[in-house]
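*Asks:* Next up is a structure, given as structure tokens.
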Amino acid sequence: MSTGISREQLAARIAQDIPEGSYVNLGIGAPTLVADFLPQGREVILHTENGMLGMGPSPEPDRVDPDLINAGKQAVTALPGTAYFHHADSFAMMRGGHLDVCVLGAFQVAENGDLANWSTGGPGAIPAIGGAMDLAIGAKSVYVMTDLLTKNGESKLVTSCTYPLTGARCVARVYTDRAIFDVTPDGFAVTEIFGETTFADLLELTGLQLKDATQR
Amino acid sequence: MIDKTVSSVADAVAGIHDGATVMIGGFGRAGQPVELINALIEQGASGLTIVNNNAGNGDVGLAALLAKGHVKKIICSFPRQSDSWVFDGLYREGKIELELVPQGNLAERIRAAGAGIGGFYSPTAVGTPLAEGKESRVFDGREYLLELPIKADFALVSGYRADRWGNIAYRETARNFGPIMATAAETTIVQVDEIVELGALDPEAIVTPGIFVNRVVAVGERRWLRNGEFVGGVNLEGEAL
């Protein structure tokens with residue numbers, strides 16, 4: 001047993017929580033992995049903000065179509081039932097509250113649900129937002145997928161974000177390699193712990209007041 | 001007889017003046033009107049303000065236009081990418097101005113310009129640094145920010161097929177910003193693989209009606225199609241494997 005789970009295991013865990021029939025946007029990077037673990041037979045429609053519903057897996061190398069890409073600018077395929085649309089319609093789907101779930105990466109998530117994931121605010125850093133701000137305020141459920149700690153060992157779950165916000169009070173749940181945290185009016189509630197990590201470890205690693213809501 | 005067809009990409013970009021605001025369609029490389037951009041580079045207009053989702057990929061198309069030093073400002077949502085080295089260099093040297101706009105606000109501001117909307121309130125970016133200086137209003141208990149339209153002098157768009165009236169059909173996710181940019185510019189210029197007879201486009205499949213289009217130019221079939229059928233055999237850059 002290790003202290004947590006792998007990125008693939010985490011993607012598989014998130015996939016379990018995506019309900020049948022939902023419209024889902026998976027953010028660039030690790031969240032994209034969730035698509036590979038959606039249970040067989042569960043019909044979930046993937047939205048990509050560059051203008052497609054019904055996105056399928058990546059094609060064979062000789063079947064790459066440069067006109068058919070996802071938001072991460074990777075080659076994808078179109079499943080039967082796919083629809084294409086322009087950017088204003090694509091973001092109307094988010095802002096208008098039509099998208100059920102989005103899974104985003106994060107630099108920091110605060111205990112009130114604030115999300116920071118677009119800029120570390122450092123000098124010389126080139127900022128890039130893309131669709132993150134629209135997704136953060138638009139999807140009905142905003143999930144974050146991230147390691148609990150930064151490469152320097154700092155907690156990405158914080159009392160309040162020090163990096164520039166992507167969205168205020170928008171995150172519902174944070175899936176990390178160590179545990180799952182629900183955002184509640186009283187701060188983070190731990191609902192599931194992975195590997196050999198203990199609740200006491202989480203208290204120490206995050207330095208936050210956490211509620212133990214695990215069922216075990 | 002209405003004929004919006006022009007015979008060369010050079011004719012298509014004629015009249016784009018120094019200091020013009022030019023919308024360029026595309027999301028990354030998909031739907032980027034590379035042939036029109038190359039003609040614009042050749043044509044030489046400079047001091048341009050460019051509206052695009054990104055800030056160029058690799059060394060072709062928009063990146064090549066930036067590398068020429070013809071762009072003074074870019075309005076986009078996602079400049080930083082693994083292959084945005086041209087923009088990155090110019091930005092770090094202070095040689096290009098950046099207006100960063102969340103992607104949905106970028107799209108809606110373009111749509112608003114084309115639809116004659118004077119401004120609108122968006123919930124995106126509330127509580128973030130991008131809200132600074134923006135008028136805020138609460139509707140039905142939720143906070144929104146005033147966003148203003150983005151208009152352009154010219155739009156360069158990549159479609160799939162057109163007719164002489166300027167009706168445009170697109171292909172897959174290469175559609176992206178094309179339909180809204182086509183509405184928001186004084187002069188909309190569209191490159192397509194092929195210009196077909198009037199009536200040959202299925203009216204149900206026309207995404208941009210010709211009323212929004214001023215010039216169309218055929219640039220030949222894209223490398224991954226043959227007689228309209230997908231044949232593959234290319235990488236994401238469209239280069240033969």
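The way I read the labels, and the way they are meant: chains A, B, ... in the order of the structure tokens, residue 1 as the first residue of every chain, and ligand 1 as the first ligand shown, with later ones counted on from there.
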Could you please select, counting only C-alpha atoms, the residues of chain B within 9 Å of chain A and state them as a ChimeraX atom specification?
*Replies:* /B:27-31,53-54,76-81,88,91-92,100-108,110-111,122-129,171-180,224,230-238,241
*Asks:* Could you pull out the alpha helix (DSSP H) residues of stretch 46-158 of chain A from DSSP and send them as a list in words?
*Replies:*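 Selection result, alpha helix (DSSP H) within stretch 46-158 of chain A: His87, Ala88, Asp89, Ser90, Phe91, Ala92, Met93, Met94, Arg95, Ala132, Met133, Asp134, Leu135, Ala136, Ile137 and Gly138 of chain A.
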*Asks:* Could those selected residues go to a file with C-alpha atoms, as an mmCIF file, in the first residue's frame?
*Replies:*
```cif
data_model
loop_
_atom_site.group_PDB
_atom_site.id
_atom_site.type_symbol
_atom_site.label_atom_id
_atom_site.label_comp_id
_atom_site.auth_asym_id
_atom_site.auth_seq_id
_atom_site.Cartn_x
_atom_site.Cartn_y
_atom_site.Cartn_z
ATOM 1 C CA HIS A 87 -18.058 28.777 -29.880
ATOM 2 C CA ALA A 88 -20.891 31.040 -28.748
ATOM 3 C CA ASP A 89 -23.245 28.052 -28.581
ATOM 4 C CA SER A 90 -20.582 25.983 -26.867
ATOM 5 C CA PHE A 91 -20.222 28.483 -24.046
ATOM 6 C CA ALA A 92 -23.969 29.018 -23.852
ATOM 7 C CA MET A 93 -24.065 25.341 -22.873
ATOM 8 C CA MET A 94 -21.835 26.133 -19.896
ATOM 9 C CA ARG A 95 -23.022 29.560 -18.855
ATOM 10 C CA ALA A 132 -11.736 27.566 -17.295
ATOM 11 C CA MET A 133 -13.531 30.639 -15.924
ATOM 12 C CA ASP A 134 -16.680 29.892 -17.913
ATOM 13 C CA LEU A 135 -16.646 26.230 -16.904
ATOM 14 C CA ALA A 136 -16.064 27.063 -13.252
ATOM 15 C CA ILE A 137 -19.186 29.191 -12.999
ATOM 16 C CA GLY A 138 -21.255 27.356 -15.585
#
```
*Asks:* Quick one: residues within 9 Å of B:Gly69, only C-alpha atoms counted, chain neighbours fewer than 6 positions away excluded, as an MDAnalysis selection string?
*Replies:* chainID B and resid 46:47 90 95:96
*Asks:* Quick one: everything within 7 Å of stretch 152-168 of chain B, counting only C-alpha atoms, minus sequence neighbours fewer than 6 positions away in the same chain. Send it as a PyMOL selection string.
*Replies:* chain B and resi 2-5+20-25+31-33+36+178+181-182+184-198+206-210+213-216
*Asks:* Limited to C-alpha atoms, could you put the picked residues into a file as a CSV table (one decimal), in the first residue's frame?
*Replies:*
```csv
chain,number,residue,atom,x,y,z
B,2,ILE,CA,-23.9,38.5,-57.1
B,3,ASP,CA,-20.4,36.9,-57.1
B,4,LYS,CA,-18.4,37.1,-53.9
B,5,THR,CA,-15.7,34.8,-55.3
B,20,ALA,CA,-6.7,47.2,-38.7
B,21,THR,CA,-8.4,44.9,-36.3
B,22,VAL,CA,-8.5,41.5,-37.8
B,23,MET,CA,-10.4,38.5,-36.4
B,24,ILE,CA,-8.8,35.2,-37.3
B,25,GLY,CA,-10.8,32.0,-37.0
B,31,GLY,CA,-9.9,26.0,-38.7
B,32,GLN,CA,-7.0,28.4,-38.9
B,33,PRO,CA,-7.2,30.1,-42.3
B,36,LEU,CA,-5.3,33.8,-46.0
B,178,GLY,CA,-15.8,31.0,-37.8
B,181,MET,CA,-16.4,36.1,-36.4
B,182,ALA,CA,-18.1,36.2,-39.8
B,184,ALA,CA,-18.7,40.7,-36.4
B,185,ALA,CA,-16.4,42.2,-39.1
B,186,GLU,CA,-16.9,45.0,-41.6
B,187,THR,CA,-15.4,42.8,-44.2
B,188,THR,CA,-15.5,39.0,-43.9
B,189,ILE,CA,-13.2,36.9,-46.0
B,190,VAL,CA,-13.6,33.2,-46.1
B,191,GLN,CA,-11.3,30.6,-47.6
B,192,VAL,CA,-12.8,27.2,-48.5
B,193,ASP,CA,-11.6,24.0,-50.1
B,194,GLU,CA,-14.0,24.4,-52.9
B,195,ILE,CA,-16.6,26.8,-54.3
B,196,VAL,CA,-19.6,24.9,-55.6
B,197,GLU,CA,-22.6,25.8,-57.8
B,198,LEU,CA,-25.3,27.9,-56.3
B,206,ILE,CA,-25.3,26.2,-44.4
B,207,VAL,CA,-24.0,27.5,-41.1
B,208,THR,CA,-23.0,31.0,-42.2
B,209,PRO,CA,-25.5,32.5,-44.6
B,210,GLY,CA,-23.9,34.7,-47.3
B,213,VAL,CA,-19.7,37.2,-46.1
B,214,ASN,CA,-18.0,39.6,-48.5
B,215,ARG,CA,-15.3,37.5,-50.2
B,216,VAL,CA,-14.8,33.8,-50.7
```
*Asks:* Which residues come within 7 Å of A:Leu26, counting only C-alpha atoms, excluding same-chain residues fewer than 3 positions away, as an mmCIF file with C-alpha atoms, in the first residue's frame?
*Replies:*
```cif
data_model
loop_
_atom_site.group_PDB
_atom_site.id
_atom_site.type_symbol
_atom_site.label_atom_id
_atom_site.label_comp_id
_atom_site.auth_asym_id
_atom_site.auth_seq_id
_atom_site.Cartn_x
_atom_site.Cartn_y
_atom_site.Cartn_z
ATOM 1 C CA PRO A 31 -9.060 15.265 -16.158
ATOM 2 C CA THR A 32 -9.039 14.032 -19.765
ATOM 3 C CA CYS A 102 -16.982 19.484 -15.343
ATOM 4 C CA VAL A 103 -13.687 18.185 -14.011
ATOM 5 C CA LEU A 104 -10.884 20.727 -13.777
#
```
*Asks:* Write out as an MDAnalysis selection string all residues of stretch 32-205 of chain B that backbone DSSP assigns to strand (DSSP E).
*Replies:* chainID B and resid 48:51 71:76 97:100 120:122 136:139 142:147 152:158 161:162 168:169 185:192 194:195
*Asks:* Kindly indicate which residue among A:Leu205, A:Cys170, A:Leu53, A:Leu10 lies nearest to A:Gly113, using only C-alpha atoms for the distances.
*Replies:*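 The shortest atom-to-atom distance to A:Gly113 comes from A:Cys170.
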*Asks:* For atom CA of A:Val144 and atom CA of A:Thr176, quote the distance in Å rounded to one decimal.
*Replies:*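 Straight-line distance from atom CA of A:Val144 to atom CA of A:Thr176 works out to 8.1 Å.
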*Asks:* Tell me, in Å to one decimal, how far atom CA of A:Val171 is from atom CA of A:Leu157.
*Replies:*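 Computing it gives 11.6 Å between the two atoms.
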